[in-house]
$ cat model.cif   # mmCIF, C-alpha atoms
data_query
loop_
_atom_site.label_atom_id
_atom_site.label_comp_id
_atom_site.auth_asym_id
_atom_site.auth_seq_id
_atom_site.Cartn_x
_atom_site.Cartn_y
_atom_site.Cartn_z
CA MET A 1 23.44 45.05 -67.73
CA SER A 2 19.72 45.77 -67.19
CA ALA A 3 17.61 48.24 -69.17
CA HIS A 4 17.24 51.75 -67.82
CA PRO A 5 14.14 51.93 -65.48
CA SER A 6 12.68 55.08 -67.07
CA ARG A 7 12.96 53.49 -70.51
CA GLN A 8 10.98 50.46 -69.33
CA ARG A 9 8.22 52.75 -68.05
CA LEU A 10 8.03 54.60 -71.39
CA GLU A 11 7.75 51.37 -73.35
CA SER A 12 4.78 50.20 -71.26
CA VAL A 13 2.86 53.50 -71.54
CA ARG A 14 -0.30 53.41 -73.68
CA HIS A 15 -1.46 56.54 -75.46
CA LYS A 16 -4.87 57.95 -76.26
CA LEU A 17 -5.20 60.43 -79.10
CA ARG A 18 -7.40 63.35 -77.97
CA PRO A 19 -8.80 65.21 -81.00
CA LEU A 20 -9.01 68.99 -81.05
CA PHE A 21 -11.81 71.25 -82.28
CA ASP A 22 -14.04 69.45 -84.83
CA GLN A 23 -11.66 66.53 -85.35
CA VAL A 24 -12.70 62.90 -84.93
CA VAL A 25 -10.55 59.79 -84.26
CA VAL A 26 -11.78 56.66 -86.04
CA LYS A 27 -10.45 53.11 -85.76
CA GLU A 28 -10.60 51.36 -89.10
CA LEU A 29 -12.67 48.23 -89.52
CA ASP A 30 -11.36 45.50 -91.78
CA GLN A 31 -13.54 45.32 -94.83
CA ASP A 32 -15.20 41.96 -95.34
CA ARG A 33 -13.07 40.19 -97.92
CA VAL A 34 -15.89 37.85 -98.96
CA ARG A 35 -18.44 39.55 -101.17
CA ARG A 36 -22.10 38.53 -101.34
CA SER A 37 -21.36 36.78 -104.63
CA GLY A 38 -18.85 34.52 -102.81
CA LEU A 39 -15.81 36.16 -104.42
CA VAL A 40 -12.86 36.37 -102.01
CA VAL A 41 -10.90 39.60 -102.42
CA PRO A 42 -7.22 39.15 -101.47
CA PRO A 43 -5.43 41.97 -99.68
CA GLY A 44 -3.36 44.03 -102.09
CA THR A 45 -1.07 47.00 -102.18
CA ASN A 46 -3.42 49.06 -104.37
CA GLU A 47 -6.40 48.46 -102.12
CA PRO A 48 -8.07 51.68 -100.90
CA PRO A 49 -8.18 52.21 -97.13
CA PRO A 50 -11.23 50.86 -95.30
CA GLN A 51 -14.20 53.15 -95.54
CA GLN A 52 -15.90 52.15 -92.32
CA GLY A 53 -14.78 52.52 -88.75
CA ILE A 54 -15.70 52.99 -85.12
CA VAL A 55 -15.41 56.45 -83.57
CA LEU A 56 -12.97 56.35 -80.63
CA ALA A 57 -12.99 60.04 -79.69
CA VAL A 58 -14.46 63.36 -80.79
CA GLY A 59 -13.22 66.88 -80.25
CA PRO A 60 -15.22 69.52 -78.36
CA GLY A 61 -16.36 71.23 -81.57
CA LEU A 62 -15.65 74.75 -82.75
CA ASP A 63 -16.00 77.76 -80.46
CA TRP A 64 -19.02 79.21 -82.31
CA TRP A 65 -20.99 75.93 -82.26
CA GLU A 66 -22.35 76.45 -78.75
CA GLN A 67 -23.66 79.95 -79.56
CA ALA A 68 -25.32 78.62 -82.72
CA GLY A 69 -26.82 75.63 -80.90
CA VAL A 70 -24.74 73.13 -82.91
CA GLU A 71 -23.76 69.88 -81.22
CA MET A 72 -21.26 67.24 -82.32
CA PRO A 73 -23.36 64.93 -84.54
CA ILE A 74 -21.40 61.77 -83.70
CA GLN A 75 -20.27 60.12 -80.49
CA PRO A 76 -17.61 57.61 -79.49
CA GLY A 77 -18.81 54.13 -80.40
CA ASP A 78 -20.67 55.20 -83.56
CA HIS A 79 -20.08 53.04 -86.66
CA VAL A 80 -19.31 55.57 -89.40
CA VAL A 81 -18.73 55.63 -93.14
CA PHE A 82 -16.14 57.93 -94.70
CA PRO A 83 -14.56 58.46 -98.14
CA ALA A 84 -11.13 57.02 -98.90
CA SER A 85 -9.84 60.60 -99.18
CA ALA A 86 -10.91 61.59 -95.65
CA GLY A 87 -8.41 62.96 -93.14
CA VAL A 88 -4.97 61.67 -92.25
CA TRP A 89 -3.96 58.16 -91.16
CA VAL A 90 -1.72 58.06 -88.08
CA GLU A 91 -0.29 55.22 -86.03
CA VAL A 92 -0.59 55.32 -82.24
CA ASP A 93 0.75 52.40 -80.21
CA GLU A 94 0.86 50.26 -83.37
CA GLU A 95 -2.82 50.97 -84.08
CA ARG A 96 -3.82 52.62 -87.36
CA LEU A 97 -6.24 55.52 -86.77
CA LEU A 98 -7.97 58.04 -89.02
CA VAL A 99 -8.10 61.65 -87.85
CA CYS A 100 -10.55 63.75 -89.86
CA ARG A 101 -12.97 66.63 -89.54
CA VAL A 102 -16.52 65.69 -88.57
CA GLY A 103 -17.70 67.17 -91.89
CA GLU A 104 -15.75 64.49 -93.77
CA ILE A 105 -17.82 61.71 -92.19
CA LEU A 106 -20.51 60.63 -94.67
CA GLY A 107 -22.86 59.11 -92.14
CA VAL A 108 -23.49 56.80 -89.21
CA LEU A 109 -24.51 53.18 -89.86
CA GLU A 110 -27.42 52.26 -87.64
CA THR A 111 -28.98 48.86 -87.05
CA LEU A 112 -32.54 48.50 -88.29
CA GLU A 113 -34.99 46.76 -85.97
CA GLY A 114 -37.02 44.00 -87.65
CA GLU A 115 -37.25 43.12 -91.33
CA PRO A 116 -38.13 45.62 -94.09
CA GLY A 117 -41.85 45.64 -94.79
CA ASP A 118 -42.89 44.57 -91.26
#
$ encode --input "model.cif" --output "structure tokens"
Amino acid sequence: MSAHPSRQRLESVRHKLRPLFDQVVVKELDQDRVRRSGLVVPPGTNEPPPQQGIVLAVGPGLDWWEQAGVEMPIQPGDHVVFPASAGVWVEVDEERLLVCRVGEILGVLETLEGEPGD
């Protein structure tokens, strides 16, 4: 007996989490397990969640932002830093995502051009 056709369609559907208001969706980045000292940190159960990620989607902001001239300070694709306590972790299509308010983001990591002191 074959699987039900509508069930097959549902299993092949991919989802995209669209954040509301001032919410941001961030995909976690695996922390580098080799420290500068050469120490290899094994994965463990008491390990805090990664504190860096890539922004996948941003909400439209709050309704009063436009009147106040406030724009969303981050964009999809930004490499951000956030505290371990930020937001809520959800799983969408077997992908672990952080959903948090934009105010919980500590900053955006930017690439510096050239060497310091140039």
$ resolve_selection --input "model.cif" --expression "the PyMOL selection byres ((chain A and resi 101) around 8)" --output "list in words"
Asp22, Gln23, Val24, Gly87, Val99, Cys100, Val102, Gly103, Glu104 and Ile105 of chain A
$ closest_residue --input "model.cif" --among "A:Glu95, A:Leu106, A:Leu20, A:Gln67" --to "Gln52 of chain A" --atoms "all atoms listed in the file"
A:Leu106
$ residues_around --input "model.cif" --residues "Glu91 of chain A" --least-positions-apart "2" --cutoff "12 Å" --atoms "only C-alpha atoms" --output "list in words"
His15, Lys16, Leu17, Val25, Val26, Lys27, Glu28, Val88, Trp89, Asp93, Glu94, Glu95, Arg96, Leu97, Leu98 and Val99 of chain A
$ atom_distance --input "model.cif" --atom1 "atom CA of Phe82 of chain A" --atom2 "atom CA of Asp30 of chain A"
13.6 Å
$ resolve_selection --input "model.cif" --expression "the PyMOL selection byres ((chain A and resi 78) around 7)" --output "list in words"
Ile54, Val55, Ile74, Gln75, Pro76, Gly77, His79, Val80 and Val108 of chain A
$ write_last_selection --input "model.cif" --atoms "C-alpha atoms" --output "PDB file, in the coordinates of the input"
ATOM      1  CA  ILE A  54     -15.700  52.990 -85.120  1.00  0.00           C
ATOM      2  CA  VAL A  55     -15.410  56.450 -83.570  1.00  0.00           C
ATOM      3  CA  ILE A  74     -21.400  61.770 -83.700  1.00  0.00           C
ATOM      4  CA  GLN A  75     -20.270  60.120 -80.490  1.00  0.00           C
ATOM      5  CA  PRO A  76     -17.610  57.610 -79.490  1.00  0.00           C
ATOM      6  CA  GLY A  77     -18.810  54.130 -80.400  1.00  0.00           C
ATOM      7  CA  HIS A  79     -20.080  53.040 -86.660  1.00  0.00           C
ATOM      8  CA  VAL A  80     -19.310  55.570 -89.400  1.00  0.00           C
ATOM      9  CA  VAL A 108     -23.490  56.800 -89.210  1.00  0.00           C
TER      10      VAL A 108
END
$ closest_residue --input "model.cif" --among "A:Met72, A:Leu29, A:Leu109, A:Ala84" --to "Ala57 of chain A" --atoms "only C-alpha atoms"
A:Met72
$ atom_distance --input "model.cif" --atom1 "atom CA of Pro73 of chain A" --atom2 "atom CA of Leu56 of chain A"
14.0 Å
$ atom_distance --input "model.cif" --atom1 "atom CA of Trp65 of chain A" --atom2 "atom CA of Val81 of chain A"
23.1 Å
$ closest_residue --input "model.cif" --among "A:Pro83, A:Leu112, A:Arg14, A:Pro19" --to "Leu62 of chain A" --atoms "all atoms listed in the file"
A:Pro19
$ closest_residue --input "model.cif" --among "A:Ser12, A:Val92, A:Glu113, A:Gly107" --to "Gly53 of chain A" --atoms "all atoms listed in the file"
A:Gly107
$ decode --input "model.cif" --residues "segment 52-84 of chain A" --atoms "C-alpha atoms" --output "PDB file, in the first residue's frame"
ATOM      1  CA  GLN A  52      27.264  34.041  17.346  1.00  0.00           C
ATOM      2  CA  GLY A  53      25.000  33.565  14.382  1.00  0.00           C
ATOM      3  CA  ILE A  54      23.839  34.758  10.997  1.00  0.00           C
ATOM      4  CA  VAL A  55      20.602  36.739  10.736  1.00  0.00           C
ATOM      5  CA  LEU A  56      18.136  34.917   8.470  1.00  0.00           C
ATOM      6  CA  ALA A  57      15.149  37.248   8.789  1.00  0.00           C
ATOM      7  CA  VAL A  58      14.048  40.405  10.590  1.00  0.00           C
ATOM      8  CA  GLY A  59      10.588  41.628  11.483  1.00  0.00           C
ATOM      9  CA  PRO A  60       9.168  44.922  10.196  1.00  0.00           C
ATOM     10  CA  GLY A  61       9.819  46.712  13.499  1.00  0.00           C
ATOM     11  CA  LEU A  62       7.322  48.271  15.868  1.00  0.00           C
ATOM     12  CA  ASP A  63       4.504  50.515  14.663  1.00  0.00           C
ATOM     13  CA  TRP A  64       5.932  53.687  16.248  1.00  0.00           C
ATOM     14  CA  TRP A  65       9.418  53.213  14.754  1.00  0.00           C
ATOM     15  CA  GLU A  66       8.528  54.782  11.403  1.00  0.00           C
ATOM     16  CA  GLN A  67       7.099  57.924  13.032  1.00  0.00           C
ATOM     17  CA  ALA A  68      10.209  58.251  15.202  1.00  0.00           C
ATOM     18  CA  GLY A  69      12.556  57.672  12.251  1.00  0.00           C
ATOM     19  CA  VAL A  70      13.881  54.401  13.707  1.00  0.00           C
ATOM     20  CA  GLU A  71      14.999  51.703  11.278  1.00  0.00           C
ATOM     21  CA  MET A  72      15.836  48.061  11.934  1.00  0.00           C
ATOM     22  CA  PRO A  73      19.557  48.168  12.827  1.00  0.00           C
ATOM     23  CA  ILE A  74      20.360  44.725  11.414  1.00  0.00           C
ATOM     24  CA  GLN A  75      19.670  42.979   8.124  1.00  0.00           C
ATOM     25  CA  PRO A  76      19.535  39.391   6.907  1.00  0.00           C
ATOM     26  CA  GLY A  77      23.069  38.138   6.383  1.00  0.00           C
ATOM     27  CA  ASP A  78      24.585  40.104   9.289  1.00  0.00           C
ATOM     28  CA  HIS A  79      26.950  38.157  11.577  1.00  0.00           C
ATOM     29  CA  VAL A  80      25.716  38.969  15.081  1.00  0.00           C
ATOM     30  CA  VAL A  81      26.741  38.366  18.674  1.00  0.00           C
ATOM     31  CA  PHE A  82      24.152  37.669  21.372  1.00  0.00           C
ATOM     32  CA  PRO A  83      24.140  36.589  25.039  1.00  0.00           C
ATOM     33  CA  ALA A  84      23.440  32.972  25.953  1.00  0.00           C
TER      34      ALA A  84
END
